[in-house]
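Below: entry_37.cif (mmCIF, C-alpha atoms)
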```cif
data_target
loop_
_atom_site.group_PDB
_atom_site.id
_atom_site.type_symbol
_atom_site.label_atom_id
_atom_site.label_comp_id
_atom_site.auth_asym_id
_atom_site.auth_seq_id
_atom_site.Cartn_x
_atom_site.Cartn_y
_atom_site.Cartn_z
ATOM 1 C CA MET A 1 38.007 -17.681 -51.242
ATOM 2 C CA THR A 2 41.135 -18.265 -49.189
ATOM 3 C CA LYS A 3 41.022 -18.951 -45.514
ATOM 4 C CA ARG A 4 42.062 -16.110 -43.302
ATOM 5 C CA LYS A 5 44.883 -16.603 -40.845
ATOM 6 C CA ASP A 6 43.215 -14.558 -38.154
ATOM 7 C CA ASP A 7 40.027 -16.571 -38.160
ATOM 8 C CA ASP A 8 41.173 -19.189 -35.692
ATOM 9 C CA LEU A 9 38.258 -21.444 -36.595
ATOM 10 C CA TRP A 10 38.909 -24.643 -34.669
ATOM 11 C CA THR A 11 42.371 -24.337 -36.072
ATOM 12 C CA GLY A 12 43.577 -27.362 -37.945
ATOM 13 C CA ALA A 13 40.601 -29.510 -37.078
ATOM 14 C CA THR A 14 38.526 -31.132 -39.759
ATOM 15 C CA GLY A 15 34.957 -30.060 -39.208
ATOM 16 C CA GLY A 16 36.026 -26.581 -38.112
ATOM 17 C CA LEU A 17 33.822 -23.607 -38.846
ATOM 18 C CA GLU A 18 35.732 -22.858 -42.031
ATOM 19 C CA ASP A 19 34.527 -26.168 -43.483
ATOM 20 C CA PHE A 20 30.954 -25.098 -42.806
ATOM 21 C CA PHE A 21 31.591 -21.715 -44.417
ATOM 22 C CA ASP A 22 33.172 -23.424 -47.445
ATOM 23 C CA ALA A 23 30.084 -25.614 -47.744
ATOM 24 C CA ALA A 24 27.805 -22.577 -47.446
ATOM 25 C CA ARG A 25 29.677 -20.777 -50.231
ATOM 26 C CA ALA A 26 29.585 -23.877 -52.427
ATOM 27 C CA GLU A 27 25.878 -24.349 -51.795
ATOM 28 C CA ALA A 28 24.835 -20.718 -52.253
ATOM 29 C CA PRO A 29 21.040 -20.394 -52.305
ATOM 30 C CA LEU A 30 19.976 -19.851 -55.895
ATOM 31 C CA PRO A 31 16.920 -17.825 -56.838
ATOM 32 C CA SER A 32 14.193 -19.519 -58.852
ATOM 33 C CA GLY A 33 13.579 -18.673 -62.498
ATOM 34 C CA ASP A 34 10.170 -17.282 -61.556
ATOM 35 C CA PHE A 35 11.738 -14.914 -59.062
ATOM 36 C CA MET A 36 14.314 -13.702 -61.584
ATOM 37 C CA ALA A 37 11.589 -13.114 -64.174
ATOM 38 C CA ARG A 38 9.545 -11.228 -61.586
ATOM 39 C CA ILE A 39 12.344 -8.872 -60.549
ATOM 40 C CA GLU A 40 13.312 -8.245 -64.163
ATOM 41 C CA ALA A 41 9.735 -7.267 -64.977
ATOM 42 C CA GLN A 42 9.704 -5.047 -61.895
ATOM 43 C CA ALA A 43 12.986 -3.394 -62.908
ATOM 44 C CA LEU A 44 11.625 -2.606 -66.364
ATOM 45 C CA ALA A 45 8.304 -1.344 -64.984
ATOM 46 C CA ALA A 46 10.021 0.960 -62.467
ATOM 47 C CA GLN A 47 12.518 2.256 -65.013
ATOM 48 C CA PRO A 48 12.320 5.946 -65.926
ATOM 49 C CA ALA A 49 11.286 6.605 -69.534
ATOM 50 C CA PRO A 50 14.205 7.062 -71.926
ATOM 51 C CA THR A 51 15.464 10.627 -71.900
ATOM 52 C CA ALA A 52 13.438 12.597 -74.501
ATOM 53 C CA PRO A 53 15.462 14.181 -77.338
ATOM 54 C CA LYS A 54 15.866 17.955 -77.056
ATOM 55 C CA SER A 55 12.782 19.686 -78.479
ATOM 56 C CA ALA A 56 13.186 21.972 -81.503
ATOM 57 C CA PRO A 57 14.023 25.598 -80.543
ATOM 58 C CA GLY A 58 11.263 28.221 -80.722
ATOM 59 C CA LEU A 59 10.765 30.704 -83.595
ATOM 60 C CA LEU A 60 12.570 33.589 -81.857
ATOM 61 C CA ARG A 61 15.535 31.313 -81.094
ATOM 62 C CA GLN A 62 15.667 30.182 -84.732
ATOM 63 C CA VAL A 63 15.572 33.798 -86.042
ATOM 64 C CA LEU A 64 18.246 34.823 -83.561
ATOM 65 C CA GLU A 65 20.479 31.934 -84.629
ATOM 66 C CA THR A 66 20.014 32.869 -88.310
ATOM 67 C CA ILE A 67 21.061 36.483 -87.872
ATOM 68 C CA GLY A 68 23.915 35.717 -85.495
ATOM 69 C CA GLY A 69 22.355 35.896 -82.041
ATOM 70 C CA TRP A 70 21.720 39.021 -80.010
ATOM 71 C CA PRO A 71 24.639 41.025 -81.552
ATOM 72 C CA GLY A 72 23.089 40.411 -84.973
ATOM 73 C CA MET A 73 19.706 41.479 -83.660
ATOM 74 C CA ALA A 74 21.238 44.708 -82.253
ATOM 75 C CA GLY A 75 22.824 45.500 -85.654
ATOM 76 C CA LEU A 76 19.508 44.917 -87.397
ATOM 77 C CA ALA A 77 17.663 47.197 -84.948
ATOM 78 C CA THR A 78 20.285 49.935 -85.396
ATOM 79 C CA ALA A 79 19.995 49.721 -89.191
ATOM 80 C CA CYS A 80 16.192 50.012 -88.947
ATOM 81 C CA ALA A 81 16.424 53.030 -86.648
ATOM 82 C CA VAL A 82 18.906 54.753 -88.989
ATOM 83 C CA GLY A 83 16.584 54.049 -91.969
ATOM 84 C CA VAL A 84 13.591 55.560 -90.176
ATOM 85 C CA TRP A 85 15.628 58.538 -89.051
ATOM 86 C CA MET A 86 16.890 59.185 -92.575
ATOM 87 C CA GLY A 87 13.275 59.113 -93.787
ATOM 88 C CA VAL A 88 12.153 61.615 -91.171
ATOM 89 C CA SER A 89 15.143 63.925 -91.358
ATOM 90 C CA PRO A 90 17.216 63.220 -94.484
ATOM 91 C CA PRO A 91 20.800 64.472 -94.537
ATOM 92 C CA ALA A 92 21.456 67.559 -96.689
ATOM 93 C CA SER A 93 23.558 65.574 -99.168
ATOM 94 C CA ILE A 94 20.593 63.520 -100.405
ATOM 95 C CA SER A 95 17.756 66.000 -99.814
ATOM 96 C CA PRO A 96 17.975 67.438 -103.417
ATOM 97 C CA TYR A 97 16.790 64.061 -104.700
ATOM 98 C CA ILE A 98 13.829 63.725 -102.405
ATOM 99 C CA GLY A 99 10.500 65.374 -103.105
ATOM 100 C CA THR A 100 11.679 67.127 -106.313
ATOM 101 C CA ASP A 101 11.402 66.380 -109.987
ATOM 102 C CA ALA A 102 15.052 65.572 -109.968
ATOM 103 C CA ALA A 103 14.318 62.527 -107.900
ATOM 104 C CA GLU A 104 13.508 60.448 -110.945
ATOM 105 C CA ILE A 105 14.985 57.000 -110.749
ATOM 106 C CA ASP A 106 17.175 57.545 -113.796
ATOM 107 C CA SER A 107 18.775 60.466 -112.026
ATOM 108 C CA PHE A 108 20.628 57.832 -110.005
ATOM 109 C CA GLY A 109 21.977 56.365 -113.252
ATOM 110 C CA VAL A 110 19.770 53.290 -112.974
ATOM 111 C CA ASP A 111 17.210 52.237 -115.587
ATOM 112 C CA PRO A 112 15.475 49.110 -114.313
ATOM 113 C CA LEU A 113 12.995 48.920 -117.201
ATOM 114 C CA SER A 114 14.172 50.387 -120.496
ATOM 115 C CA GLY A 115 11.890 51.494 -123.311
ATOM 116 C CA PHE A 116 13.072 48.506 -125.304
ATOM 117 C CA GLU A 117 11.948 46.097 -122.644
ATOM 118 C CA LEU A 118 8.596 47.850 -122.344
ATOM 119 C CA ALA A 119 8.093 47.481 -126.082
ATOM 120 C CA LEU A 120 8.834 43.773 -125.832
ATOM 121 C CA MET A 121 6.295 43.370 -123.031
ATOM 122 C CA GLU A 122 3.617 45.142 -124.966
ATOM 123 C CA GLY A 123 4.288 42.863 -127.961
ATOM 124 C CA MET B 1 32.211 -9.216 -60.912
ATOM 125 C CA PRO B 2 29.854 -11.806 -62.369
ATOM 126 C CA PHE B 3 29.710 -12.330 -66.100
ATOM 127 C CA ASP B 4 26.682 -10.823 -67.750
ATOM 128 C CA ALA B 5 25.765 -9.165 -71.009
ATOM 129 C CA MET B 6 27.442 -5.937 -69.885
ATOM 130 C CA SER B 7 30.160 -7.349 -67.657
ATOM 131 C CA ASP B 8 32.648 -4.718 -68.777
ATOM 132 C CA LYS B 9 30.551 -2.021 -67.087
ATOM 133 C CA SER B 10 30.620 -1.178 -63.393
ATOM 134 C CA ASP B 11 27.493 -1.277 -61.240
ATOM 135 C CA ASP B 12 27.591 2.531 -61.126
ATOM 136 C CA ASP B 13 27.676 2.817 -64.924
ATOM 137 C CA LEU B 14 24.854 0.324 -65.298
ATOM 138 C CA LEU B 15 22.748 2.147 -62.748
ATOM 139 C CA ALA B 16 23.278 5.439 -64.611
ATOM 140 C CA ALA B 17 22.283 3.710 -67.865
ATOM 141 C CA TYR B 18 19.250 2.235 -66.096
ATOM 142 C CA ALA B 19 18.219 5.706 -64.911
ATOM 143 C CA SER B 20 18.407 7.043 -68.458
ATOM 144 C CA GLY B 21 15.980 4.367 -69.645
ATOM 145 C CA ASP B 22 18.319 1.720 -71.063
ATOM 146 C CA ALA B 23 16.377 -1.571 -70.900
ATOM 147 C CA ALA B 24 19.512 -3.678 -71.479
ATOM 148 C CA ALA B 25 21.013 -2.122 -68.351
ATOM 149 C CA ALA B 26 17.877 -3.061 -66.394
ATOM 150 C CA ARG B 27 18.274 -6.699 -67.447
ATOM 151 C CA ALA B 28 22.015 -6.781 -66.782
ATOM 152 C CA LEU B 29 21.604 -5.236 -63.311
ATOM 153 C CA THR B 30 18.836 -7.683 -62.456
ATOM 154 C CA ALA B 31 20.959 -10.647 -63.537
ATOM 155 C CA ARG B 32 23.974 -9.332 -61.648
ATOM 156 C CA LEU B 33 22.406 -8.166 -58.404
ATOM 157 C CA GLY B 34 19.273 -10.314 -58.071
ATOM 158 C CA PRO B 35 20.992 -13.584 -57.105
ATOM 159 C CA ARG B 36 23.339 -11.765 -54.719
ATOM 160 C CA VAL B 37 20.585 -9.930 -52.889
ATOM 161 C CA PHE B 38 18.450 -13.049 -52.743
ATOM 162 C CA ALA B 39 21.316 -15.156 -51.336
ATOM 163 C CA HIS B 40 22.035 -12.590 -48.634
ATOM 164 C CA ALA B 41 18.367 -12.379 -47.646
ATOM 165 C CA MET B 42 18.109 -16.175 -47.679
ATOM 166 C CA ARG B 43 21.077 -16.520 -45.329
ATOM 167 C CA MET B 44 19.715 -13.861 -43.025
ATOM 168 C CA LEU B 45 16.179 -15.255 -42.907
ATOM 169 C CA GLY B 46 16.582 -18.951 -43.698
ATOM 170 C CA ASN B 47 13.282 -18.898 -45.567
ATOM 171 C CA ARG B 48 12.926 -18.802 -49.342
ATOM 172 C CA ALA B 49 9.561 -17.037 -49.630
ATOM 173 C CA GLU B 50 10.581 -14.352 -47.135
ATOM 174 C CA ALA B 51 13.960 -13.939 -48.817
ATOM 175 C CA GLU B 52 12.311 -13.445 -52.205
ATOM 176 C CA ASP B 53 10.007 -10.773 -50.781
ATOM 177 C CA VAL B 54 12.886 -8.932 -49.137
ATOM 178 C CA ALA B 55 15.107 -9.146 -52.222
ATOM 179 C CA GLN B 56 12.300 -7.796 -54.363
ATOM 180 C CA ASP B 57 11.707 -4.901 -51.954
ATOM 181 C CA ALA B 58 15.421 -4.082 -51.747
ATOM 182 C CA LEU B 59 15.802 -4.040 -55.516
ATOM 183 C CA LEU B 60 12.686 -1.916 -55.926
ATOM 184 C CA LYS B 61 14.274 0.643 -53.593
ATOM 185 C CA LEU B 62 17.371 0.608 -55.793
ATOM 186 C CA TRP B 63 15.347 1.164 -58.982
ATOM 187 C CA ARG B 64 13.581 4.090 -57.331
ATOM 188 C CA ILE B 65 16.747 5.752 -56.110
ATOM 189 C CA ALA B 66 18.571 5.203 -59.422
ATOM 190 C CA PRO B 67 17.805 8.655 -60.936
ATOM 191 C CA ASP B 68 19.226 10.347 -57.812
ATOM 192 C CA TRP B 69 22.183 7.981 -57.365
ATOM 193 C CA ARG B 70 25.397 9.895 -56.809
ATOM 194 C CA GLU B 71 28.193 8.039 -58.514
ATOM 195 C CA GLY B 72 31.233 7.270 -56.381
ATOM 196 C CA GLU B 73 29.563 8.115 -53.072
ATOM 197 C CA ALA B 74 28.849 4.516 -52.072
ATOM 198 C CA LYS B 75 29.217 1.153 -53.776
ATOM 199 C CA VAL B 76 25.927 -0.133 -55.141
ATOM 200 C CA THR B 77 26.479 -3.518 -53.478
ATOM 201 C CA THR B 78 27.336 -1.932 -50.119
ATOM 202 C CA TRP B 79 24.098 0.031 -50.259
ATOM 203 C CA LEU B 80 22.147 -3.088 -51.255
ATOM 204 C CA TYR B 81 23.629 -5.236 -48.474
ATOM 205 C CA ARG B 82 22.626 -2.578 -45.984
ATOM 206 C CA VAL B 83 19.069 -2.181 -47.292
ATOM 207 C CA THR B 84 18.585 -5.944 -47.588
ATOM 208 C CA ALA B 85 19.843 -6.646 -44.070
ATOM 209 C CA ASN B 86 17.700 -3.867 -42.609
ATOM 210 C CA LEU B 87 14.603 -5.257 -44.309
ATOM 211 C CA CYS B 88 15.488 -8.724 -42.995
ATOM 212 C CA ILE B 89 15.980 -7.446 -39.444
ATOM 213 C CA ASP B 90 12.630 -5.633 -39.606
ATOM 214 C CA ARG B 91 10.967 -8.900 -40.594
ATOM 215 C CA MET B 92 12.735 -10.860 -37.870
ATOM 216 C CA ARG B 93 11.602 -8.358 -35.263
ATOM 217 C CA LYS B 94 8.021 -8.444 -36.484
ATOM 218 C CA ALA B 95 8.073 -12.235 -36.617
ATOM 219 C CA ARG B 96 9.296 -12.386 -33.030
ATOM 220 C CA SER B 97 6.191 -10.638 -31.807
ATOM 221 C CA GLY B 98 3.965 -13.221 -33.516
ATOM 222 C CA PRO B 99 5.494 -15.336 -36.242
ATOM 223 C CA ALA B 100 3.419 -16.068 -39.286
ATOM 224 C CA LEU B 101 3.634 -19.654 -40.444
ATOM 225 C CA ASP B 102 5.689 -18.785 -43.500
ATOM 226 C CA ALA B 103 8.136 -16.757 -41.416
ATOM 227 C CA ILE B 104 9.324 -19.804 -39.556
ATOM 228 C CA PRO B 105 12.649 -20.981 -40.959
ATOM 229 C CA GLU B 106 12.394 -24.020 -43.159
ATOM 230 C CA PRO B 107 13.157 -27.167 -41.196
ATOM 231 C CA VAL B 108 16.640 -28.457 -41.744
ATOM 232 C CA ASP B 109 16.979 -32.080 -42.633
ATOM 233 C CA THR B 110 19.086 -33.518 -39.856
ATOM 234 C CA ALA B 111 18.857 -37.131 -40.981
ATOM 235 C CA PRO B 112 21.933 -39.007 -39.825
ATOM 236 C CA SER B 113 24.836 -38.371 -42.156
ATOM 237 C CA ALA B 114 23.558 -37.373 -45.566
ATOM 238 C CA ALA B 115 24.769 -39.401 -48.509
ATOM 239 C CA ALA B 116 28.380 -38.670 -49.427
ATOM 240 C CA GLY B 117 27.523 -36.453 -52.409
ATOM 241 C CA LEU B 118 25.187 -34.367 -50.282
ATOM 242 C CA GLN B 119 27.610 -33.698 -47.449
ATOM 243 C CA ALA B 120 28.336 -30.127 -48.501
ATOM 244 C CA GLN B 121 24.628 -29.456 -48.705
ATOM 245 C CA ALA B 122 24.040 -31.011 -45.293
ATOM 246 C CA ARG B 123 26.829 -28.911 -43.806
ATOM 247 C CA ALA B 124 25.481 -25.756 -45.430
ATOM 248 C CA GLU B 125 22.053 -26.543 -44.024
ATOM 249 C CA ALA B 126 23.472 -27.233 -40.580
ATOM 250 C CA LEU B 127 25.293 -23.901 -40.684
ATOM 251 C CA GLN B 128 22.085 -22.137 -41.759
ATOM 252 C CA ASP B 129 20.246 -23.809 -38.916
ATOM 253 C CA ALA B 130 22.883 -22.510 -36.491
ATOM 254 C CA LEU B 131 22.929 -19.042 -38.090
ATOM 255 C CA ASN B 132 19.180 -18.813 -37.567
ATOM 256 C CA GLN B 133 19.813 -19.080 -33.843
ATOM 257 C CA LEU B 134 22.312 -16.197 -33.671
ATOM 258 C CA PRO B 135 21.260 -12.693 -32.622
ATOM 259 C CA GLU B 136 20.514 -10.724 -35.788
ATOM 260 C CA ARG B 137 23.557 -8.398 -35.751
ATOM 261 C CA GLN B 138 25.979 -11.258 -35.070
ATOM 262 C CA ARG B 139 24.328 -13.237 -37.840
ATOM 263 C CA GLN B 140 24.673 -10.328 -40.256
ATOM 264 C CA ALA B 141 28.337 -9.761 -39.398
ATOM 265 C CA VAL B 142 29.270 -13.452 -39.686
ATOM 266 C CA ILE B 143 27.463 -13.840 -43.014
ATOM 267 C CA LEU B 144 29.073 -10.739 -44.508
ATOM 268 C CA ARG B 145 32.535 -11.613 -43.293
ATOM 269 C CA HIS B 146 32.763 -15.367 -43.636
ATOM 270 C CA ILE B 147 30.289 -16.262 -46.357
ATOM 271 C CA GLU B 148 30.066 -13.165 -48.551
ATOM 272 C CA GLY B 149 33.775 -12.602 -47.950
ATOM 273 C CA LEU B 150 33.676 -8.839 -47.379
ATOM 274 C CA ALA B 151 36.398 -6.929 -45.569
ATOM 275 C CA ASN B 152 35.791 -5.392 -42.152
ATOM 276 C CA PRO B 153 35.762 -1.736 -43.326
ATOM 277 C CA GLU B 154 32.994 -2.478 -45.839
ATOM 278 C CA ILE B 155 31.034 -4.454 -43.248
ATOM 279 C CA ALA B 156 31.422 -1.522 -40.858
ATOM 280 C CA GLN B 157 29.953 0.748 -43.537
ATOM 281 C CA ILE B 158 27.069 -1.634 -44.210
ATOM 282 C CA MET B 159 26.257 -2.048 -40.521
ATOM 283 C CA ASP B 160 26.951 1.576 -39.663
ATOM 284 C CA ILE B 161 29.342 0.671 -36.847
ATOM 285 C CA GLY B 162 33.100 0.824 -36.291
ATOM 286 C CA PRO B 163 35.530 -1.885 -37.480
ATOM 287 C CA ARG B 164 36.207 -2.928 -33.864
ATOM 288 C CA ALA B 165 32.516 -3.524 -33.300
ATOM 289 C CA VAL B 166 32.496 -5.696 -36.435
ATOM 290 C CA GLU B 167 35.338 -7.791 -35.031
ATOM 291 C CA SER B 168 33.544 -8.153 -31.737
ATOM 292 C CA LEU B 169 30.295 -9.222 -33.411
ATOM 293 C CA THR B 170 31.969 -11.774 -35.681
ATOM 294 C CA ALA B 171 34.010 -13.194 -32.804
ATOM 295 C CA ARG B 172 30.951 -13.655 -30.626
ATOM 296 C CA GLY B 173 28.975 -15.042 -33.538
ATOM 297 C CA LYS B 174 31.648 -17.607 -34.343
ATOM 298 C CA ARG B 175 31.917 -18.734 -30.731
ATOM 299 C CA MET B 176 28.188 -19.349 -30.666
ATOM 300 C CA LEU B 177 28.281 -21.161 -34.018
ATOM 301 C CA GLU B 178 31.078 -23.393 -32.754
ATOM 302 C CA ALA B 179 29.029 -24.274 -29.714
ATOM 303 C CA LEU B 180 25.978 -25.015 -31.855
ATOM 304 C CA LEU B 181 27.809 -27.060 -34.476
ATOM 305 C CA SER B 182 30.429 -28.935 -32.471
ATOM 306 C CA GLY B 183 27.929 -31.586 -31.444
ATOM 307 C CA ARG B 184 26.981 -32.282 -35.043
ATOM 308 C CA ARG B 185 30.381 -33.174 -36.470
ATOM 309 C CA ASP B 186 29.714 -36.892 -36.584
ATOM 310 C CA GLU B 187 26.297 -36.687 -38.160
ATOM 311 C CA LEU B 188 27.696 -34.372 -40.863
ATOM 312 C CA GLY B 189 30.347 -36.845 -41.949
ATOM 313 C CA PHE B 190 33.431 -35.178 -40.487
ATOM 314 C CA GLU B 191 34.305 -38.487 -38.848
ATOM 315 C CA ASP B 192 34.691 -39.973 -42.345
ATOM 316 C CA ASP B 193 36.904 -37.039 -43.375
ATOM 317 C CA ASP B 194 39.130 -37.627 -40.359
ATOM 318 C CA GLU B 195 39.461 -41.325 -41.212
ATOM 319 C CA ALA B 196 40.240 -40.517 -44.827
ATOM 320 C CA GLN B 197 42.951 -38.105 -43.724
ATOM 321 C CA GLY B 198 44.362 -40.502 -41.119
#
```

Encoding of this model in structure tokens:
Amino acid sequence: MTKRKDDDLWTGATGGLEDFFDAARAEAPLPSGDFMARIEAQALAAQPAPTAPKSAPGLLRQVLETIGGWPGMAGLATACAVGVWMGVSPPASISPYIGTDAAEIDSFGVDPLSGFELALMEG
Amino acid sequence: MPFDAMSDKSDDDLLAAYASGDAAAARALTARLGPRVFAHAMRMLGNRAEAEDVAQDALLKLWRIAPDWREGEAKVTTWLYRVTANLCIDRMRKARSGPALDAIPEPVDTAPSAAAGLQAQARAEALQDALNQLPERQRQAVILRHIEGLANPEIAQIMDIGPRAVESLTARGKRMLEALLSGRRDELGFEDDDEAQG
């Protein structure tokens, strides 16, 4: 450390206060190894536990994320409501197919299990 | 900043890492701040056992406040100097009302002129002996300014006073030190220095 001009410590004289301060800085009191070990142990003991990793999200959160959050959930709910409503009060355009003999599955042009496949299954 | 395993990190950064549970930060902070806090307490109290107790208490306060430390608000060392000095002053005041044996400053070896190689040590001890006789606030100001080498504004922050009050305390402290030490120049080998220079 440099001497300060404004100190005026027995200016110019050998044995001035600045010499004592120099000696004090050079002979700084050093802590013992025991003390250093003690404060290190104390620092580790007082230390907060490492920050825990974020816990896995709950089931609802996972479902929401899969279907695209709350907007996705709203779309799904709307689709369900429309499905129920169509079951209760079907529109006139599809009512001929419901509750009549004409509502056979092949009337929609679909044949999920043909006679050939049934024959194969029966051996 | 002293060299340590994480010397590229500031005290603030290390304290934040400490608070998040980083054990390496705990060791680096201890190595960096422990000797400094101990030295300050030692100079304030002049007694090793007392200084160790105070340094340990001051550091424990730092570890406890670490999770709530607000970065940039105060320097870690400024805060530590303040806490350490306050703990020292508390002890000095308690000791005054009935000093325990281990609170009495260690006797300074005033044997006539220490051997040449030990002159610096003898002078440091003589200064400590004189510092022990200063009023506590003067002692604190002189130590912070002239031994720790801090600037007046930081000392003012540590002592919670204005910069002018710091100047006044250091000036009075130095005058008293001069009076206490002037009679010991010869025994501390300054006569030899004068002859060597002449």

| What residues come out when you apply the PyMOL selection byres ((chain B) within 8 of (chain A)) to this file, written as a PyMOL selection string? | chain B and resi 18-23+26-27+30-31+34-35+38-39+42-43+52+56+59-60+63-64+67+120-121+123-125+127+146-149+174+177-178+185+190+193-194

| said: Neighbouring residues of stretch 156-163 of chain B were defined as those with any atom within 10 Å, considering all atoms listed in the file; residues of the same chain fewer than 4 positions away were excluded. Please report them as a PyMOL selection string. | reply: chain B and resi 74+77-83+85-86+137+140-141+144+151-152+167-169

| task | Could you please determine the separation between atom CA of B:Glu71 and atom CA of B:Asp12 in Å, to one decimal place? | result | 6.1 Å

| Separation of atom CA of B:Leu180 from atom CA of B:Ala130 in Å | 6.1 Å

Using all atoms of stretch 148-151 of chain B that appear in the file, construct an axis-aligned enclosing box with 8 Å of padding on every side and provide its centre coordinates and edge lengths in Å, rounded to one decimal, as JSON.
```
{"center_x": 33.2, "center_y": -10.0, "center_z": -47.1, "size_x": 22.3, "size_y": 22.2, "size_z": 19.0}
```

| note | From atom CA of B:Glu136 to atom CA of B:Ile155 the spacing works out at 14.3 Å

| request: Dig up all the protein and nucleic acid residues within 12 Å of (11.7, -14.1, -48.0) in the file frame, using all atoms listed in the file, and format them as a VMD selection string. | output: (chain A and resid 31 35) or (chain B and resid 37 to 58 84 to 85 87 to 92 102 to 106)

With a distance cut-off of 8 Å and only C-alpha atoms, select the neighbouring residues of B:Ala25, excluding the residue or stretch itself and same-chain residues fewer than 5 positions from it, and output the selection as a PDB file with C-alpha atoms, in the coordinates of the input.
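Saved result, selection-v1.pdb, follows:
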```
ATOM      1  CA  MET B   6      27.442  -5.937 -69.885  1.00  0.00           C
ATOM      2  CA  LEU B  14      24.854   0.324 -65.298  1.00  0.00           C
ATOM      3  CA  LEU B  15      22.748   2.147 -62.748  1.00  0.00           C
ATOM      4  CA  ALA B  17      22.283   3.710 -67.865  1.00  0.00           C
ATOM      5  CA  TYR B  18      19.250   2.235 -66.096  1.00  0.00           C
TER       6      TYR B  18
END
```

Assuming the input is short of atoms at stretch 123-141 of chain B, produce N, CA and C atoms for that part as an mmCIF file, in the coordinates of the input.
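This is the output file result.cif:
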```
data_model
loop_
_atom_site.group_PDB
_atom_site.id
_atom_site.type_symbol
_atom_site.label_atom_id
_atom_site.label_comp_id
_atom_site.auth_asym_id
_atom_site.auth_seq_id
_atom_site.Cartn_x
_atom_site.Cartn_y
_atom_site.Cartn_z
ATOM 1 N N ARG B 123 26.054 -29.828 -44.652
ATOM 2 C CA ARG B 123 26.829 -28.911 -43.806
ATOM 3 C C ARG B 123 26.331 -27.480 -43.960
ATOM 4 N N ALA B 124 26.013 -27.104 -45.207
ATOM 5 C CA ALA B 124 25.481 -25.756 -45.430
ATOM 6 C C ALA B 124 24.157 -25.592 -44.692
ATOM 7 N N GLU B 125 23.348 -26.622 -44.708
ATOM 8 C CA GLU B 125 22.053 -26.543 -44.024
ATOM 9 C C GLU B 125 22.237 -26.489 -42.510
ATOM 10 N N ALA B 126 23.210 -27.254 -42.026
ATOM 11 C CA ALA B 126 23.472 -27.233 -40.580
ATOM 12 C C ALA B 126 23.946 -25.844 -40.151
ATOM 13 N N LEU B 127 24.808 -25.247 -40.994
ATOM 14 C CA LEU B 127 25.293 -23.901 -40.684
ATOM 15 C C LEU B 127 24.120 -22.912 -40.696
ATOM 16 N N GLN B 128 23.243 -23.050 -41.691
ATOM 17 C CA GLN B 128 22.085 -22.137 -41.759
ATOM 18 C C GLN B 128 21.214 -22.290 -40.522
ATOM 19 N N ASP B 129 21.036 -23.534 -40.110
ATOM 20 C CA ASP B 129 20.246 -23.809 -38.916
ATOM 21 C C ASP B 129 20.862 -23.102 -37.702
ATOM 22 N N ALA B 130 22.195 -23.158 -37.613
ATOM 23 C CA ALA B 130 22.883 -22.510 -36.491
ATOM 24 C C ALA B 130 22.824 -20.988 -36.631
ATOM 25 N N LEU B 131 22.998 -20.500 -37.865
ATOM 26 C CA LEU B 131 22.929 -19.042 -38.090
ATOM 27 C C LEU B 131 21.576 -18.485 -37.659
ATOM 28 N N ASN B 132 20.528 -19.264 -37.930
ATOM 29 C CA ASN B 132 19.180 -18.813 -37.567
ATOM 30 C C ASN B 132 19.025 -18.601 -36.069
ATOM 31 N N GLN B 133 19.920 -19.204 -35.297
ATOM 32 C CA GLN B 133 19.813 -19.080 -33.843
ATOM 33 C C GLN B 133 20.666 -17.937 -33.287
ATOM 34 N N LEU B 134 21.469 -17.305 -34.150
ATOM 35 C CA LEU B 134 22.312 -16.197 -33.671
ATOM 36 C C LEU B 134 21.483 -14.921 -33.550
ATOM 37 N N PRO B 135 21.879 -14.027 -32.637
ATOM 38 C CA PRO B 135 21.260 -12.693 -32.622
ATOM 39 C C PRO B 135 21.483 -12.026 -33.989
ATOM 40 N N GLU B 136 20.511 -11.205 -34.406
ATOM 41 C CA GLU B 136 20.514 -10.724 -35.788
ATOM 42 C C GLU B 136 21.788 -10.002 -36.221
ATOM 43 N N ARG B 137 22.363 -9.159 -35.352
ATOM 44 C CA ARG B 137 23.557 -8.398 -35.751
ATOM 45 C C ARG B 137 24.776 -9.315 -35.866
ATOM 46 N N GLN B 138 24.872 -10.285 -34.970
ATOM 47 C CA GLN B 138 25.979 -11.258 -35.070
ATOM 48 C C GLN B 138 25.827 -12.060 -36.351
ATOM 49 N N ARG B 139 24.596 -12.451 -36.629
ATOM 50 C CA ARG B 139 24.328 -13.237 -37.840
ATOM 51 C C ARG B 139 24.754 -12.445 -39.085
ATOM 52 N N GLN B 140 24.350 -11.171 -39.103
ATOM 53 C CA GLN B 140 24.673 -10.328 -40.256
ATOM 54 C C GLN B 140 26.192 -10.204 -40.431
ATOM 55 N N ALA B 141 26.883 -9.952 -39.321
ATOM 56 C CA ALA B 141 28.337 -9.761 -39.398
ATOM 57 C C ALA B 141 29.036 -11.040 -39.863
#
```
